[in-house]
file input_31.txt (compact mmCIF, C-alpha atoms)
# COMPACT_ATOMS: atom_id res chain seq x y z
CA GLY A 1 21.01 8.65 -10.65
CA ASN A 2 20.84 5.42 -8.74
CA ASN A 3 17.46 3.83 -9.31
CA ASN A 4 17.76 1.39 -6.44
CA MET A 5 15.37 1.92 -3.59
CA ASN A 6 16.21 0.40 -0.23
CA ILE A 7 13.18 -1.31 1.24
CA ASN A 8 13.10 -2.04 4.96
CA ILE A 9 10.48 -4.36 6.38
CA PHE A 10 9.21 -4.00 9.94
CA HIS A 11 6.66 -5.79 12.08
CA PHE A 12 4.70 -5.04 15.25
CA SER A 13 7.61 -6.34 17.34
CA ASP A 14 9.86 -3.55 15.92
CA LEU A 15 7.63 -0.69 17.10
CA SER A 16 9.54 -0.04 20.32
CA SER A 17 13.02 -0.33 18.80
CA ALA A 18 12.69 1.18 15.29
CA ALA A 19 14.51 4.50 14.74
CA PHE A 20 11.92 5.99 12.30
CA THR A 21 14.70 7.87 10.49
CA LEU A 22 13.75 6.96 6.88
CA PRO A 23 16.71 8.26 4.83
CA MET A 24 16.35 9.19 1.15
CA GLN A 25 16.06 6.40 -1.45
CA THR A 26 14.35 4.31 1.21
CA ILE A 27 10.88 2.88 1.71
CA ASP A 28 9.82 1.55 5.09
CA VAL A 29 7.16 -1.15 4.98
CA TRP A 30 5.27 -2.19 8.11
CA PHE A 31 3.17 -5.32 8.60
CA PHE A 32 0.66 -5.67 11.42
CA LYS A 33 -2.05 -8.13 12.34
CA THR A 34 -5.30 -6.58 13.52
CA GLU A 35 -4.93 -8.54 16.76
CA ASP A 36 -1.59 -6.78 17.49
CA PHE A 37 -3.66 -3.80 18.59
CA PRO A 38 -7.06 -4.82 19.95
CA PRO A 39 -9.49 -1.88 20.10
CA ASP A 40 -9.21 -1.57 23.89
CA ALA A 41 -5.45 -0.97 23.49
CA GLN A 42 -6.03 1.92 21.09
CA ASP A 43 -6.21 5.55 22.13
CA THR A 44 -8.97 6.53 19.70
CA GLN A 45 -8.59 10.17 20.76
CA ILE A 46 -5.80 10.43 18.17
CA LEU A 47 -8.43 9.90 15.44
CA SER A 48 -10.33 12.83 13.98
CA THR A 49 -14.06 13.20 14.59
CA GLU A 50 -14.66 12.45 10.91
CA GLU A 51 -12.63 9.23 11.17
CA ARG A 52 -14.49 8.14 14.30
CA ASN A 53 -17.85 8.81 12.61
CA ARG A 54 -16.89 6.89 9.49
CA ILE A 55 -15.61 3.93 11.54
CA ALA A 56 -18.83 3.89 13.59
CA GLY A 57 -20.74 3.57 10.30
CA TYR A 58 -19.43 0.07 9.50
CA SER A 59 -22.19 -2.43 10.18
CA GLN A 60 -19.87 -5.42 10.58
CA GLY A 61 -17.73 -5.48 13.72
CA LYS A 62 -14.82 -7.04 11.84
CA ASP A 63 -14.73 -4.23 9.25
CA ARG A 64 -15.03 -1.62 11.97
CA ILE A 65 -12.08 -3.06 13.90
CA GLN A 66 -9.97 -3.40 10.74
CA HIS A 67 -10.56 0.20 9.62
CA GLN A 68 -10.14 1.64 13.10
CA THR A 69 -6.89 -0.28 13.63
CA ALA A 70 -5.56 0.78 10.22
CA ARG A 71 -6.27 4.48 10.88
CA PHE A 72 -4.95 4.29 14.44
CA LEU A 73 -1.68 2.68 13.27
CA LEU A 74 -1.35 5.07 10.32
CA ARG A 75 -1.53 8.08 12.65
CA LEU A 76 0.81 6.43 15.15
CA LEU A 77 3.45 5.75 12.46
CA LEU A 78 3.07 9.11 10.67
CA GLY A 79 3.50 10.82 14.02
CA LYS A 80 6.73 8.93 14.64
CA TYR A 81 8.21 9.66 11.18
CA LEU A 82 7.25 13.34 11.31
CA HIS A 83 7.93 13.80 15.05
CA ILE A 84 4.55 15.31 15.78
CA ALA A 85 1.56 14.28 17.88
CA PRO A 86 -0.62 11.87 15.84
CA GLU A 87 -3.80 13.82 16.60
CA GLU A 88 -2.31 16.95 14.96
CA LEU A 89 -2.18 15.30 11.52
CA VAL A 90 -4.79 16.39 9.00
CA LEU A 91 -5.58 13.53 6.62
CA ARG A 92 -7.62 13.94 3.46
CA THR A 93 -8.83 11.56 0.79
CA GLY A 94 -8.05 12.47 -2.82
CA THR A 95 -10.57 12.20 -5.65
CA HIS A 96 -9.38 8.66 -6.39
CA GLY A 97 -9.39 7.53 -2.80
CA LYS A 98 -5.71 7.99 -1.98
CA LEU A 99 -5.05 9.34 1.50
CA TYR A 100 -2.67 12.26 1.85
CA LEU A 101 -1.56 14.78 4.45
CA ASP A 102 -3.08 18.24 4.08
CA TYR A 103 0.04 20.40 4.43
CA ASP A 104 -1.91 23.67 4.03
CA ALA A 105 -4.03 22.77 7.05
CA LEU A 106 -0.88 21.80 8.94
CA THR A 107 0.70 25.16 8.10
CA VAL A 108 -2.35 26.89 9.56
CA ARG A 109 -1.71 24.85 12.73
CA GLY A 110 1.86 26.15 12.82
CA LEU A 111 3.31 22.89 11.46
CA GLY A 112 4.44 24.17 8.07
CA HIS A 113 7.98 22.85 8.56
CA LEU A 114 7.05 19.21 8.03
CA PRO A 115 8.85 17.34 5.24
CA ARG A 116 6.74 15.83 2.47
CA LEU A 117 6.07 12.22 3.40
CA SER A 118 4.44 9.85 0.95
CA PHE A 119 2.54 6.91 2.38
CA ASN A 120 -0.02 4.27 1.51
CA LEU A 121 -1.79 1.43 3.28
CA SER A 122 -3.65 -1.74 2.44
CA HIS A 123 -5.49 -4.37 4.40
CA SER A 124 -6.72 -7.87 3.72
CA GLU A 125 -8.35 -10.16 6.29
CA GLU A 126 -6.21 -9.90 9.43
CA GLN A 127 -3.16 -8.17 7.91
CA ILE A 128 -2.50 -4.45 7.45
CA ALA A 129 0.47 -3.18 5.42
CA PHE A 130 1.89 0.37 5.28
CA ALA A 131 4.56 2.01 3.10
CA PHE A 132 6.35 5.31 3.82
CA SER A 133 8.93 7.29 1.85
CA PHE A 134 10.39 10.79 1.70
CA SER A 135 11.82 10.07 -1.80
CA SER A 136 8.97 8.85 -3.93
CA PRO A 137 5.24 8.40 -4.10
CA VAL A 138 4.45 4.88 -2.90
CA GLY A 139 1.62 2.40 -3.32
CA ILE A 140 1.19 -0.86 -1.45
CA ASP A 141 -1.22 -3.76 -1.83
CA ILE A 142 -1.63 -6.86 0.31
CA GLU A 143 -4.01 -9.70 -0.57
CA LYS A 144 -4.78 -12.99 1.12
CA ILE A 145 -4.72 -15.91 -1.31
CA ARG A 146 -8.16 -17.31 -2.08
CA GLU A 147 -7.98 -20.71 -3.73
CA ASN A 148 -11.22 -20.28 -5.68
CA ALA A 149 -10.50 -16.80 -6.92
CA ARG A 150 -12.12 -17.33 -10.35
CA SER A 151 -8.91 -15.82 -11.56
CA SER A 152 -9.27 -16.58 -15.28
CA HIS A 153 -12.35 -14.33 -15.49
CA LEU A 154 -10.49 -11.52 -13.68
CA VAL A 155 -7.30 -12.03 -15.71
CA HIS A 156 -9.28 -11.57 -18.91
CA ARG A 157 -10.97 -8.46 -17.56
CA PHE A 158 -8.10 -6.64 -15.87
CA PHE A 159 -4.83 -8.01 -17.24
CA HIS A 160 -2.92 -7.25 -20.42
CA PRO A 161 -3.48 -9.75 -23.29
CA ASP A 162 0.22 -10.73 -23.22
CA GLU A 163 -0.13 -11.54 -19.53
CA GLU A 164 -3.20 -13.63 -20.16
CA LEU A 165 -1.06 -15.88 -22.36
CA ARG A 166 1.36 -16.43 -19.45
CA PHE A 167 -1.46 -18.12 -17.54
CA ALA A 168 -2.41 -20.43 -20.40
CA HIS A 169 -0.59 -23.63 -19.46
CA LEU A 170 0.05 -23.17 -15.76
CA PRO A 171 -1.12 -25.73 -13.22
CA GLU A 172 -3.90 -24.35 -11.03
CA TRP A 173 -1.77 -23.63 -7.96
CA GLU A 174 0.87 -21.77 -10.00
CA SER A 175 -1.84 -19.88 -11.82
CA THR A 176 -3.35 -18.79 -8.48
CA GLN A 177 0.07 -17.65 -7.26
CA LEU A 178 0.79 -15.69 -10.43
CA PHE A 179 -2.67 -14.14 -10.30
CA PHE A 180 -2.16 -12.74 -6.80
CA ARG A 181 1.37 -11.60 -7.62
CA TYR A 182 0.18 -9.67 -10.68
CA TRP A 183 -2.94 -8.40 -8.91
CA THR A 184 -0.90 -6.87 -6.06
CA ILE A 185 1.62 -5.41 -8.54
CA ARG A 186 -1.18 -3.72 -10.51
CA GLU A 187 -2.95 -2.43 -7.40
CA ALA A 188 0.26 -1.15 -5.79
CA PHE A 189 1.16 0.74 -8.97
CA LEU A 190 -2.33 2.22 -9.45
CA LYS A 191 -2.37 3.30 -5.80
CA GLY A 192 1.15 4.71 -6.07
CA ILE A 193 0.41 6.81 -9.12
CA GLY A 194 -2.75 7.94 -7.33
CA THR A 195 -5.17 7.71 -10.22
CA GLY A 196 -6.97 4.53 -9.20
CA PHE A 197 -8.67 2.70 -12.06
CA THR A 198 -8.83 5.79 -14.26
CA ILE A 199 -5.86 4.11 -15.94
CA SER A 200 -7.35 0.99 -17.42
CA ALA A 201 -5.68 -1.94 -15.70
CA ASP A 202 -5.18 -3.88 -18.95
CA SER A 203 -3.49 -0.96 -20.75
CA PHE A 204 0.00 -1.79 -19.46
CA ARG A 205 1.97 -5.00 -19.15
CA ILE A 206 3.94 -6.22 -16.17
CA ASP A 207 7.49 -7.36 -17.03
CA GLU A 208 9.85 -9.00 -14.60
CA ILE A 209 13.24 -7.29 -14.37
CA ASP A 210 14.86 -9.83 -12.09
CA SER A 211 13.18 -13.04 -10.94
CA ASP A 212 15.62 -13.49 -8.03
CA SER A 213 14.82 -10.15 -6.44
CA GLY A 214 11.15 -9.97 -7.50
CA LEU A 215 11.50 -6.58 -9.18
CA TYR A 216 9.05 -5.61 -11.92
CA GLN A 217 8.58 -2.81 -14.43
CA LEU A 218 5.52 -1.66 -16.36
CA THR A 219 5.28 -0.91 -20.06
CA LYS A 220 4.34 2.77 -20.68
CA TYR A 221 5.44 3.79 -17.17
CA PRO A 222 9.25 3.58 -17.38
CA LEU A 223 9.80 5.62 -14.22
CA TRP A 224 7.92 3.16 -12.02
CA ARG A 225 9.08 -0.06 -10.37
CA VAL A 226 7.18 -2.60 -8.32
CA GLN A 227 8.90 -4.79 -5.74
CA ALA A 228 7.35 -8.07 -4.63
CA LEU A 229 7.75 -8.32 -0.87
CA PRO A 230 8.20 -11.28 1.44
CA ALA A 231 4.73 -11.26 2.98
CA PRO A 232 3.17 -13.15 5.88
CA ASP A 233 2.12 -16.74 5.13
CA LYS A 234 -0.83 -17.05 2.69
CA TYR A 235 -0.48 -13.39 1.62
CA PHE A 236 0.97 -11.57 -1.36
CA CYS A 237 2.24 -8.01 -1.07
CA SER A 238 3.85 -5.58 -3.52
CA VAL A 239 5.11 -2.02 -3.17
CA ALA A 240 5.34 0.48 -6.06
CA TYR A 241 7.61 3.50 -6.29
CA CYS A 242 9.02 5.94 -8.77
CA VAL A 243 12.73 5.99 -9.65
CA GLN A 244 13.25 9.64 -10.62
CA ASN A 245 11.59 13.02 -11.08
CA CYS A 246 8.25 11.91 -9.74
CA LEU A 247 6.14 14.44 -7.96
CA LEU A 248 5.40 13.61 -4.38
CA TYR A 249 1.66 13.75 -4.66
CA THR A 250 0.29 15.52 -1.63
CA SER A 251 -3.12 15.41 -3.24
CA ASP A 252 -4.61 14.42 -6.57
CA ALA A 253 -4.64 18.00 -7.76
call {"tool": "encode", "arguments": {"input": "input_31.txt", "output": "structure tokens"}}
result
Amino acid sequence: GNNNMNINIFHFSDLSSAAFTLPMQTIDVWFFKTEDFPPDAQDTQILSTEERNRIAGYSQGKDRIQHQTARFLLRLLLGKYLHIAPEELVLRTGTHGKLYLDYDALTVRGLGHLPRLSFNLSHSEEQIAFAFSFSSPVGIDIEKIRENARSSHLVHRFFHPDEELRFAHLPEWESTQLFFRYWTIREAFLKGIGTGFTISADSFRIDEIDSDSGLYQLTKYPLWRVQALPAPDKYFCSVAYCVQNCLLYTSDA
């Protein structure tokens, strides 16, 4: 089959005009700034009691706003793709932290007809990124560049030895760029496959398929691809997906 996945990128300004159709072999990616939806513009009634309690538990106002906005937008977007009221959605967290829709609970609510939608989200500073697909499990990671990332220490700890060599003679700025590119590729893949760091992050190597299009593959995981995305200024973002015969994980079971 055709391994190409169409990736559409949307922003806050597209919310009112987007069709939310999401055909097969497609991933929709959404970027928002936390300030796009200030808390007083959010109808927090669409959140579950559990979500509201967890959000209230953040001691720092900034974290609270970021998590509330991410959950609010996730429900808003899921509701649009699935054509149901956002407050009807039952979200659960898998054993490795990946969010999924509880379809059994939805069936009990008389919503058993819903198609299986895979989704993932990530936030960093003032940006929140989401990925949605009916065709493949997805993982997304967004990171704001930090100049003093102590990247060599992290490269040695989390990256494949062959990758570490690629950093050897790079000027500092290029090394920082490559670090955040590889970091978001790794994270997006680990989130997509849903196992978190139970796969050791240095056990596979990232290989570029095509430098022009920013498409990557991973040794040992031939069915997975990671696409580098054009991200907002000072951010890196990657989205991971599976090219064939991948289960749509509705949980980590």
call {"tool": "closest_residue", "arguments": {"input": "input_31.txt", "among": "A:Ser203, A:Gln127, A:Asn120, A:Ser135", "to": "A:Ala188", "atoms": "all atoms listed in the file"}}
result
A:Asn120
call {"tool": "residues_near_point", "arguments": {"input": "input_31.txt", "point": "(-1.4, -9.3, -12.6)", "cutoff": "8 Å", "atoms": "all atoms listed in the file", "output": "NGL selection string"}}
result
:A and (155 or 158-159 or 163 or 178-186 or 206)
call {"tool": "residues_around", "arguments": {"input": "input_31.txt", "residues": "stretch 6-16 of chain A", "least_positions_apart": "6", "cutoff": "8 Å", "atoms": "all atoms listed in the file", "output": "list of chain:residue names"}}
result
A:Gln25, A:Thr26, A:Ile27, A:Asp28, A:Val29, A:Trp30, A:Phe31, A:Phe32, A:Lys33, A:Asp36
call {"tool": "write_last_selection", "arguments": {"input": "input_31.txt", "atoms": "C-alpha atoms", "output": "tab-separated table (two decimals), in the coordinates of the input"}}
result
chain	number	residue	atom	x	y	z
A	25	GLN	CA	16.06	6.40	-1.45
A	26	THR	CA	14.35	4.31	1.21
A	27	ILE	CA	10.88	2.88	1.71
A	28	ASP	CA	9.82	1.55	5.09
A	29	VAL	CA	7.16	-1.15	4.98
A	30	TRP	CA	5.27	-2.19	8.11
A	31	PHE	CA	3.17	-5.32	8.60
A	32	PHE	CA	0.66	-5.67	11.42
A	33	LYS	CA	-2.05	-8.13	12.34
A	36	ASP	CA	-1.59	-6.78	17.49
call {"tool": "atom_distance", "arguments": {"input": "input_31.txt", "atom1": "atom CA of A:Glu51", "atom2": "atom CA of A:Pro39"}}
result
14.6 Å
call {"tool": "closest_residue", "arguments": {"input": "input_31.txt", "among": "A:Glu147, A:Thr34, A:Ala105, A:Arg205", "to": "A:Arg166", "atoms": "only C-alpha atoms"}}
result
A:Arg205
